[in-house]
$ cat model.txt   # compact mmCIF, C-alpha atoms
# COMPACT_ATOMS: atom_id res chain seq x y z
CA MET H 1 -34.78 -35.96 -8.35
CA ASN H 2 -35.23 -37.35 -11.82
CA LEU H 3 -33.26 -35.05 -14.13
CA HIS H 4 -32.36 -35.28 -17.80
CA LEU H 5 -29.61 -33.12 -19.27
CA SER H 6 -30.00 -32.33 -22.97
CA ARG H 7 -27.56 -30.85 -25.40
CA ARG H 8 -27.98 -29.94 -29.07
CA TYR H 9 -25.36 -30.60 -31.75
CA ARG H 10 -25.25 -29.98 -35.49
CA PHE H 11 -23.85 -31.64 -38.55
CA SER H 12 -24.44 -31.35 -42.29
CA ALA H 13 -24.51 -34.37 -44.55
CA SER H 14 -25.95 -35.70 -47.78
CA HIS H 15 -27.94 -38.86 -48.41
CA ARG H 16 -30.12 -40.61 -50.92
CA LEU H 17 -33.20 -42.62 -50.01
CA HIS H 18 -33.14 -45.77 -52.11
CA SER H 19 -33.97 -49.33 -51.13
CA ASP H 20 -32.52 -52.34 -52.91
CA LEU H 21 -35.66 -54.20 -51.83
CA LEU H 22 -37.80 -52.00 -54.10
CA ASP H 23 -37.69 -51.65 -57.90
CA ALA H 24 -36.89 -48.33 -59.64
CA ASP H 25 -40.55 -47.27 -59.96
CA GLU H 26 -41.35 -48.17 -56.38
CA ASN H 27 -38.27 -46.28 -55.16
CA LYS H 28 -39.46 -43.19 -57.03
CA ARG H 29 -43.00 -43.59 -55.74
CA VAL H 30 -41.99 -44.16 -52.10
CA TYR H 31 -39.12 -41.70 -51.77
CA GLY H 32 -40.06 -39.06 -54.36
CA LYS H 33 -37.44 -36.29 -54.64
CA CYS H 34 -35.33 -38.03 -52.00
CA ASN H 35 -34.62 -40.81 -54.53
CA ASN H 36 -32.64 -38.43 -56.80
CA PRO H 37 -29.58 -40.55 -57.76
CA TYR H 38 -27.16 -37.71 -57.00
CA GLY H 39 -28.42 -37.34 -53.43
CA HIS H 40 -29.18 -34.18 -51.47
CA GLY H 41 -28.29 -32.84 -48.02
CA HIS H 42 -29.57 -31.46 -44.74
CA ASN H 43 -28.38 -29.49 -41.74
CA TYR H 44 -29.14 -32.04 -39.05
CA ILE H 45 -29.63 -31.17 -35.39
CA VAL H 46 -29.01 -33.92 -32.85
CA GLU H 47 -30.46 -33.51 -29.37
CA VAL H 48 -28.91 -35.88 -26.83
CA ALA H 49 -30.54 -36.47 -23.41
CA VAL H 50 -28.69 -38.19 -20.56
CA SER H 51 -29.72 -38.90 -16.97
CA GLY H 52 -28.10 -39.89 -13.71
CA PRO H 53 -27.45 -38.70 -10.19
CA VAL H 54 -26.19 -35.14 -9.80
CA ASP H 55 -22.64 -35.20 -8.44
CA GLN H 56 -22.82 -32.96 -5.38
CA ALA H 57 -19.22 -31.81 -5.82
CA THR H 58 -19.85 -30.47 -9.32
CA GLY H 59 -23.64 -30.02 -9.48
CA MET H 60 -23.59 -31.98 -12.73
CA ILE H 61 -25.09 -35.17 -14.16
CA ALA H 62 -22.15 -35.26 -16.56
CA ASN H 63 -19.47 -32.75 -17.37
CA LEU H 64 -20.43 -31.09 -20.67
CA ALA H 65 -16.83 -31.23 -21.81
CA ASP H 66 -16.95 -35.05 -21.56
CA LEU H 67 -20.33 -35.29 -23.32
CA ASP H 68 -19.26 -32.86 -26.06
CA ALA H 69 -16.02 -34.76 -26.68
CA PHE H 70 -17.84 -38.12 -26.85
CA VAL H 71 -20.54 -36.88 -29.26
CA GLU H 72 -17.90 -35.15 -31.35
CA SER H 73 -15.78 -38.29 -31.75
CA GLU H 74 -18.64 -40.80 -32.15
CA VAL H 75 -21.06 -38.81 -34.32
CA ILE H 76 -20.09 -35.34 -35.46
CA GLU H 77 -16.60 -36.11 -36.72
CA PRO H 78 -17.64 -39.26 -38.69
CA PHE H 79 -20.94 -37.77 -40.02
CA ASP H 80 -20.25 -34.09 -40.71
CA HIS H 81 -19.85 -33.17 -44.39
CA LYS H 82 -20.15 -36.79 -45.48
CA TYR H 83 -22.32 -38.76 -47.90
CA LEU H 84 -24.09 -41.03 -45.42
CA ASN H 85 -24.91 -43.82 -47.91
CA GLU H 86 -21.28 -44.41 -48.82
CA GLU H 87 -19.21 -43.16 -45.92
CA ILE H 88 -21.05 -44.65 -42.96
CA ALA H 89 -20.71 -48.44 -43.09
CA GLU H 90 -24.14 -49.08 -41.50
CA PHE H 91 -25.90 -47.24 -44.33
CA ARG H 92 -24.46 -49.37 -47.12
CA ALA H 93 -27.12 -51.95 -46.23
CA LYS H 94 -29.72 -49.70 -44.59
CA VAL H 95 -31.61 -46.72 -46.03
CA PRO H 96 -30.35 -43.54 -44.31
CA THR H 97 -33.78 -42.23 -43.38
CA THR H 98 -33.79 -40.02 -40.31
CA GLU H 99 -35.47 -42.91 -38.44
CA ASN H 100 -32.47 -45.15 -39.12
CA LEU H 101 -30.07 -42.26 -38.53
CA CYS H 102 -31.62 -41.63 -35.13
CA ILE H 103 -31.25 -45.31 -34.14
CA GLU H 104 -27.66 -45.40 -35.42
CA ILE H 105 -26.72 -42.28 -33.45
CA PHE H 106 -28.37 -43.71 -30.33
CA ASN H 107 -26.40 -46.96 -30.69
CA ARG H 108 -23.15 -45.04 -31.10
CA LEU H 109 -23.82 -42.89 -28.02
CA ARG H 110 -25.19 -45.64 -25.77
CA PRO H 111 -21.70 -46.55 -24.39
CA PHE H 112 -21.21 -42.99 -22.99
CA PRO H 113 -19.53 -43.89 -19.69
CA ARG H 114 -20.52 -40.89 -17.53
CA ALA H 115 -24.34 -41.02 -17.62
CA ARG H 116 -27.25 -43.04 -18.94
CA LEU H 117 -28.38 -42.24 -22.47
CA GLU H 118 -32.13 -41.52 -22.35
CA ARG H 119 -33.04 -40.22 -25.77
CA VAL H 120 -31.72 -39.09 -29.12
CA ARG H 121 -33.83 -36.67 -31.13
CA VAL H 122 -32.80 -35.78 -34.68
CA GLU H 123 -34.19 -32.85 -36.63
CA GLU H 124 -33.76 -33.39 -40.35
CA THR H 125 -35.23 -29.96 -41.07
CA GLY H 126 -36.94 -27.46 -38.82
CA LEU H 127 -40.23 -29.14 -39.75
CA ASN H 128 -39.61 -32.80 -38.95
CA SER H 129 -37.89 -34.65 -36.17
CA PHE H 130 -37.46 -38.18 -34.88
CA GLU H 131 -36.81 -39.56 -31.40
CA TYR H 132 -35.45 -42.88 -30.22
CA THR H 133 -35.16 -44.07 -26.63
CA GLY H 134 -33.53 -47.43 -27.31
CA LYS H 135 -36.75 -49.41 -27.11
CA THR H 136 -37.84 -51.59 -30.00
CA GLN H 137 -41.18 -49.80 -30.19
CA GLY H 138 -39.62 -46.55 -29.03
CA ALA H 139 -39.25 -44.55 -32.25
CA THR H 140 -41.77 -41.74 -32.31
CA HIS H 141 -42.55 -39.28 -35.05
CA GLU H 142 -43.49 -35.70 -34.42
CA MET U 1 -55.17 -35.77 -19.25
CA VAL U 2 -54.05 -32.50 -20.80
CA TYR U 3 -50.54 -31.03 -20.53
CA LEU U 4 -50.33 -27.27 -20.33
CA THR U 5 -47.01 -25.47 -20.71
CA ARG U 6 -46.16 -21.90 -19.80
CA LYS U 7 -42.87 -20.28 -20.72
CA ILE U 8 -41.03 -17.47 -18.91
CA GLU U 9 -37.58 -15.95 -19.24
CA PHE U 10 -35.21 -14.63 -16.63
CA SER U 11 -31.65 -13.38 -16.78
CA ALA U 12 -29.13 -14.14 -14.08
CA SER U 13 -25.45 -14.56 -13.42
CA HIS U 14 -23.56 -17.37 -11.75
CA LEU U 15 -20.19 -19.02 -11.40
CA TYR U 16 -19.11 -22.59 -10.72
CA HIS U 17 -16.71 -22.99 -7.84
CA ASN U 18 -16.35 -25.75 -5.26
CA PRO U 19 -14.42 -24.55 -2.18
CA ALA U 20 -13.39 -28.16 -1.50
CA PHE U 21 -11.41 -28.19 -4.78
CA SER U 22 -8.02 -26.58 -5.31
CA ALA U 23 -7.87 -23.55 -7.61
CA GLU U 24 -6.39 -25.73 -10.32
CA GLU U 25 -9.06 -28.44 -9.90
CA ASN U 26 -11.80 -25.79 -10.09
CA ARG U 27 -10.38 -24.52 -13.35
CA ARG U 28 -9.99 -28.02 -14.77
CA VAL U 29 -13.50 -29.22 -13.85
CA PHE U 30 -15.47 -26.02 -14.50
CA GLY U 31 -13.41 -24.34 -17.22
CA LYS U 32 -14.63 -20.88 -18.22
CA CYS U 33 -17.56 -21.22 -15.78
CA ASN U 34 -15.05 -20.87 -12.92
CA ASN U 35 -14.30 -17.20 -13.76
CA PRO U 36 -14.48 -15.59 -10.29
CA HIS U 37 -16.39 -12.57 -11.58
CA GLY U 38 -19.19 -14.80 -12.86
CA HIS U 39 -21.07 -14.66 -16.14
CA GLY U 40 -24.72 -14.74 -17.12
CA HIS U 41 -27.43 -16.33 -19.23
CA ASN U 42 -30.90 -15.62 -20.51
CA TYR U 43 -32.66 -18.61 -18.99
CA VAL U 44 -35.87 -19.89 -20.54
CA LEU U 45 -38.16 -21.89 -18.28
CA GLU U 46 -40.98 -24.10 -19.54
CA VAL U 47 -43.34 -25.36 -16.87
CA THR U 48 -45.73 -28.18 -17.75
CA VAL U 49 -48.81 -28.90 -15.62
CA ALA U 50 -50.90 -32.01 -16.24
CA GLY U 51 -54.54 -32.47 -15.38
CA ASP U 52 -58.10 -32.87 -16.60
CA PRO U 53 -59.92 -29.69 -17.61
CA ASP U 54 -62.44 -28.49 -15.02
CA PRO U 55 -65.86 -29.05 -16.66
CA ALA U 56 -67.07 -25.65 -15.45
CA THR U 57 -64.17 -23.57 -16.82
CA GLY U 58 -62.60 -25.84 -19.44
CA MET U 59 -59.21 -25.18 -17.82
CA VAL U 60 -56.61 -27.41 -16.18
CA LEU U 61 -55.68 -24.37 -14.14
CA ASP U 62 -56.13 -20.67 -14.67
CA LEU U 63 -53.13 -19.42 -16.66
CA LYS U 64 -53.28 -16.19 -14.71
CA GLU U 65 -52.78 -18.15 -11.49
CA LEU U 66 -49.81 -20.02 -13.02
CA LYS U 67 -48.36 -16.74 -14.29
CA GLU U 68 -48.55 -15.27 -10.77
CA ILE U 69 -46.96 -18.37 -9.22
CA LEU U 70 -44.07 -18.20 -11.72
CA GLN U 71 -43.63 -14.48 -11.11
CA ARG U 72 -43.54 -14.91 -7.33
CA GLU U 73 -41.55 -18.14 -7.06
CA VAL U 74 -39.10 -17.78 -9.95
CA THR U 75 -38.90 -14.32 -11.51
CA ASP U 76 -38.91 -12.36 -8.25
CA ARG U 77 -36.30 -14.71 -6.79
CA MET U 78 -33.95 -15.19 -9.72
CA ASP U 79 -34.36 -12.52 -12.38
CA HIS U 80 -31.37 -10.16 -12.57
CA ARG U 81 -29.74 -11.87 -9.59
CA PHE U 82 -26.35 -13.43 -8.98
CA LEU U 83 -27.56 -16.96 -8.29
CA ASN U 84 -24.64 -17.99 -6.05
CA TYR U 85 -25.14 -15.15 -3.57
CA GLU U 86 -28.75 -13.98 -3.85
CA VAL U 87 -30.85 -17.14 -4.01
CA PRO U 88 -30.83 -18.86 -0.59
CA GLU U 89 -32.32 -22.07 -2.03
CA LEU U 90 -29.09 -22.54 -4.01
CA ALA U 91 -26.77 -21.86 -1.06
CA GLY U 92 -24.05 -24.48 -0.79
CA GLN U 93 -24.84 -25.87 -4.26
CA ILE U 94 -23.14 -25.27 -7.59
CA PRO U 95 -25.79 -23.34 -9.58
CA THR U 96 -25.74 -25.65 -12.60
CA CYS U 97 -28.77 -26.05 -14.82
CA GLU U 98 -29.43 -29.38 -13.03
CA ASN U 99 -29.49 -27.81 -9.56
CA ILE U 100 -31.49 -24.73 -10.60
CA ALA U 101 -34.12 -26.92 -12.30
CA ALA U 102 -34.42 -29.07 -9.15
CA VAL U 103 -34.80 -25.94 -6.96
CA ILE U 104 -37.50 -24.59 -9.28
CA TRP U 105 -39.33 -27.94 -9.14
CA ARG U 106 -39.29 -27.86 -5.31
CA LEU U 107 -40.55 -24.26 -5.28
CA LEU U 108 -43.37 -24.84 -7.75
CA GLU U 109 -44.59 -28.34 -6.91
CA PRO U 110 -46.44 -27.43 -3.68
CA LYS U 111 -47.93 -24.29 -5.24
CA ILE U 112 -49.65 -26.05 -8.12
CA THR U 113 -52.95 -27.06 -6.61
CA HIS U 114 -54.98 -27.52 -9.78
CA GLY U 115 -53.55 -30.35 -11.85
CA HIS U 116 -50.01 -31.42 -10.93
CA LEU U 117 -46.55 -30.33 -11.98
CA ASN U 118 -45.37 -32.70 -14.70
CA ARG U 119 -42.11 -31.23 -15.95
CA VAL U 120 -39.77 -28.30 -15.45
CA ARG U 121 -37.57 -27.63 -18.47
CA LEU U 122 -34.84 -25.05 -17.98
CA TYR U 123 -32.80 -23.80 -20.94
CA GLU U 124 -29.47 -22.23 -20.04
CA THR U 125 -28.82 -21.62 -23.74
CA PRO U 126 -30.84 -22.81 -26.76
CA ASP U 127 -28.43 -25.77 -27.00
CA LEU U 128 -28.37 -26.81 -23.34
CA PHE U 129 -31.35 -27.64 -21.16
CA VAL U 130 -32.41 -29.82 -18.23
CA ASP U 131 -35.75 -31.56 -17.72
CA CYS U 132 -36.82 -32.20 -14.11
CA TYR U 133 -39.60 -34.70 -13.36
CA GLY U 134 -39.38 -34.48 -9.56
CA GLU U 135 -39.06 -37.76 -7.72
CA GLY U 136 -41.14 -39.54 -10.36
CA ASN U 137 -39.62 -41.49 -13.20
CA GLY U 138 -41.57 -39.86 -16.02
CA ALA U 139 -39.24 -39.70 -18.96
CA HIS U 140 -41.64 -37.93 -21.29
CA THR U 141 -44.21 -35.21 -21.07
CA GLY U 142 -46.71 -37.98 -21.67
CA SER U 143 -45.99 -39.89 -18.46
CA ARG U 144 -47.28 -38.99 -15.08
CA SER U 145 -44.86 -38.15 -12.30
CA ALA U 146 -45.24 -40.16 -9.08
CA ARG U 147 -46.63 -38.12 -6.23
$ encode --input "model.txt" --output "structure tokens"
Amino acid sequence: MNLHLSRRYRFSASHRLHSDLLDADENKRVYGKCNNPYGHGHNYIVEVAVSGPVDQATGMIANLADLDAFVESEVIEPFDHKYLNEEIAEFRAKVPTTENLCIEIFNRLRPFPRARLERVRVEETGLNSFEYTGKTQGATHE
Amino acid sequence: MVYLTRKIEFSASHLYHNPAFSAEENRRVFGKCNNPHGHGHNYVLEVTVAGDPDPATGMVLDLKELKEILQREVTDRMDHRFLNYEVPELAGQIPTCENIAAVIWRLLEPKITHGHLNRVRLYETPDLFVDCYGEGNGAHTGSRSAR
């Protein structure tokens, strides 16, 4: 049986969309309100899907306590109530769009030792979300 | 190909306990879910059927037929039941979301005769769910399960 176990997590953080590759006018045109120099924030929801054989002794793909602890230490603890542009090293050089955030979260969770990471889906607001499955062409927009 | 999804809810109780484990091991592995009196959830089940619409009816399958299948195979079996003791298909298994989703797939798959079952998604809570694609390797609603 091909089964994926998914779990939803939450964190709140601020960011500013600004690219050093664009001039001030272009930044304003491309990012609009999101280019506000003081930044702004979101309540992010991170949906993590893992797969693998179901252990017959436990009935589980992975023990939720292990998954929760891993996501907490790799993503929630470093990201929650932070300014992503300054406090997450990867976003000093990369714009913290939710596309890039989704890829960064996937890369941080990929080493989860108890199951295979299938997908990370990030909701920036209730109206937009992004998914990444680890493939170069794999980012999809909803 | 069109993907049609129908949602139902059922409420049931369960507990996690492996008789091969010691009492202490059961508590360590299953935590609160090992409470011998059990506990319950409002499960939400989303069933996705894939197929081409019949040119005569415009339907992949009649929703009424799917509703009856879900009532008979899932609701009548599992709603307001203690899954460990009252659902024979789960006998000898820990009634985790993974195992329940796989049981539901096996119950539904042969009954869907118009289109084919593509995905069973079972929510135990809004923050925990399992997707079952049968024996196929479809990772997304958009991919076809192997038959």
$ residues_around --input "model.txt" --residues "Asn85 in chain H" --least-positions-apart "2" --cutoff "8 Å" --atoms "all atoms listed in the file" --output "PyMOL selection string"
chain H and resi 15-16+83+87-89+91-92+95-96
$ closest_atom_pairs --input "model.txt" --of "chain U" --to "chain H" --cutoff "10 Å" --atoms "all atoms listed in the file" --output "JSON lines"
{"residue": "U:Tyr16", "atom": "CA", "partner": "H:Thr58", "partner_atom": "CA", "distance": 8.0}
{"residue": "U:His17", "atom": "CA", "partner": "H:Thr58", "partner_atom": "CA", "distance": 8.2}
{"residue": "U:Asn18", "atom": "CA", "partner": "H:Ala57", "partner_atom": "CA", "distance": 6.7}
{"residue": "U:Pro19", "atom": "CA", "partner": "H:Ala57", "partner_atom": "CA", "distance": 9.4}
{"residue": "U:Ala20", "atom": "CA", "partner": "H:Ala57", "partner_atom": "CA", "distance": 8.1}
{"residue": "U:Phe21", "atom": "CA", "partner": "H:Ala57", "partner_atom": "CA", "distance": 8.7}
{"residue": "U:Asn26", "atom": "CA", "partner": "H:Thr58", "partner_atom": "CA", "distance": 9.3}
{"residue": "U:Val29", "atom": "CA", "partner": "H:Asn63", "partner_atom": "CA", "distance": 7.8}
{"residue": "U:Phe30", "atom": "CA", "partner": "H:Thr58", "partner_atom": "CA", "distance": 8.1}
{"residue": "U:Gly31", "atom": "CA", "partner": "H:Ala65", "partner_atom": "CA", "distance": 9.0}
{"residue": "U:Gly92", "atom": "CA", "partner": "H:Gln56", "partner_atom": "CA", "distance": 9.7}
{"residue": "U:Gln93", "atom": "CA", "partner": "H:Gly59", "partner_atom": "CA", "distance": 6.8}
{"residue": "U:Ile94", "atom": "CA", "partner": "H:Gly59", "partner_atom": "CA", "distance": 5.1}
{"residue": "U:Pro95", "atom": "CA", "partner": "H:Gly59", "partner_atom": "CA", "distance": 7.0}
{"residue": "U:Thr96", "atom": "CA", "partner": "H:Gly59", "partner_atom": "CA", "distance": 5.8}
{"residue": "U:Cys97", "atom": "CA", "partner": "H:Met60", "partner_atom": "CA", "distance": 8.1}
{"residue": "U:Glu98", "atom": "CA", "partner": "H:Met60", "partner_atom": "CA", "distance": 6.4}
{"residue": "U:Asn99", "atom": "CA", "partner": "H:Gly59", "partner_atom": "CA", "distance": 6.3}
{"residue": "U:Ile100", "atom": "CA", "partner": "H:Gly59", "partner_atom": "CA", "distance": 9.5}
{"residue": "U:Ala101", "atom": "CA", "partner": "H:Leu3", "partner_atom": "CA", "distance": 8.4}
{"residue": "U:Ala102", "atom": "CA", "partner": "H:Met1", "partner_atom": "CA", "distance": 6.9}
{"residue": "U:Trp105", "atom": "CA", "partner": "H:Met1", "partner_atom": "CA", "distance": 9.3}
{"residue": "U:Arg106", "atom": "CA", "partner": "H:Met1", "partner_atom": "CA", "distance": 9.8}
{"residue": "U:Arg119", "atom": "CA", "partner": "H:Leu3", "partner_atom": "CA", "distance": 9.8}
{"residue": "U:Val120", "atom": "CA", "partner": "H:Leu3", "partner_atom": "CA", "distance": 9.5}
{"residue": "U:Arg121", "atom": "CA", "partner": "H:His4", "partner_atom": "CA", "distance": 9.3}
{"residue": "U:Leu122", "atom": "CA", "partner": "H:Leu5", "partner_atom": "CA", "distance": 9.7}
{"residue": "U:Tyr123", "atom": "CA", "partner": "H:Ser6", "partner_atom": "CA", "distance": 9.2}
{"residue": "U:Thr125", "atom": "CA", "partner": "H:Arg7", "partner_atom": "CA", "distance": 9.5}
{"residue": "U:Pro126", "atom": "CA", "partner": "H:Arg8", "partner_atom": "CA", "distance": 8.0}
{"residue": "U:Asp127", "atom": "CA", "partner": "H:Arg8", "partner_atom": "CA", "distance": 4.7}
{"residue": "U:Leu128", "atom": "CA", "partner": "H:Arg7", "partner_atom": "CA", "distance": 4.6}
{"residue": "U:Phe129", "atom": "CA", "partner": "H:Ser6", "partner_atom": "CA", "distance": 5.2}
{"residue": "U:Val130", "atom": "CA", "partner": "H:Leu5", "partner_atom": "CA", "distance": 4.5}
{"residue": "U:Asp131", "atom": "CA", "partner": "H:His4", "partner_atom": "CA", "distance": 5.0}
{"residue": "U:Cys132", "atom": "CA", "partner": "H:Leu3", "partner_atom": "CA", "distance": 4.6}
{"residue": "U:Tyr133", "atom": "CA", "partner": "H:Asn2", "partner_atom": "CA", "distance": 5.3}
{"residue": "U:Gly134", "atom": "CA", "partner": "H:Met1", "partner_atom": "CA", "distance": 5.0}
{"residue": "U:Glu135", "atom": "CA", "partner": "H:Met1", "partner_atom": "CA", "distance": 4.7}
{"residue": "U:Gly136", "atom": "CA", "partner": "H:Asn2", "partner_atom": "CA", "distance": 6.5}
{"residue": "U:Asn137", "atom": "CA", "partner": "H:Asn2", "partner_atom": "CA", "distance": 6.2}
{"residue": "U:Gly138", "atom": "CA", "partner": "H:Asn2", "partner_atom": "CA", "distance": 8.0}
{"residue": "U:Ala139", "atom": "CA", "partner": "H:Glu118", "partner_atom": "CA", "distance": 8.1}
{"residue": "U:His140", "atom": "CA", "partner": "H:Arg119", "partner_atom": "CA", "distance": 10.0}
{"residue": "U:Ser145", "atom": "CA", "partner": "H:Asn2", "partner_atom": "CA", "distance": 9.7}
$ atom_distance --input "model.txt" --atom1 "CA of His42 in chain H" --atom2 "CA of Asp80 in chain H"
10.5 Å
$ atom_distance --input "model.txt" --atom1 "CA of Ala50 in chain U" --atom2 "CA of Leu4 in chain U"
6.3 Å
$ atom_distance --input "model.txt" --atom1 "CA of Ser73 in chain H" --atom2 "CA of His39 in chain U"
28.8 Å
$ residues_around --input "model.txt" --residues "range 97-104 of chain H" --least-positions-apart "3" --cutoff "7 Å" --atoms "only C-alpha atoms" --output "list in words"
Leu17, Asn107, Arg108, Val120, Arg121, Val122, Glu124, Phe130, Glu131 and Tyr132 of chain H
$ write_last_selection --input "model.txt" --atoms "C-alpha atoms" --output "PDB file, in the frame of the given file"
ATOM      1  CA  LEU H  17     -33.200 -42.620 -50.010  1.00  0.00           C
ATOM      2  CA  ASN H 107     -26.400 -46.960 -30.690  1.00  0.00           C
ATOM      3  CA  ARG H 108     -23.150 -45.040 -31.100  1.00  0.00           C
ATOM      4  CA  VAL H 120     -31.720 -39.090 -29.120  1.00  0.00           C
ATOM      5  CA  ARG H 121     -33.830 -36.670 -31.130  1.00  0.00           C
ATOM      6  CA  VAL H 122     -32.800 -35.780 -34.680  1.00  0.00           C
ATOM      7  CA  GLU H 124     -33.760 -33.390 -40.350  1.00  0.00           C
ATOM      8  CA  PHE H 130     -37.460 -38.180 -34.880  1.00  0.00           C
ATOM      9  CA  GLU H 131     -36.810 -39.560 -31.400  1.00  0.00           C
ATOM     10  CA  TYR H 132     -35.450 -42.880 -30.220  1.00  0.00           C
TER      11      TYR H 132
END
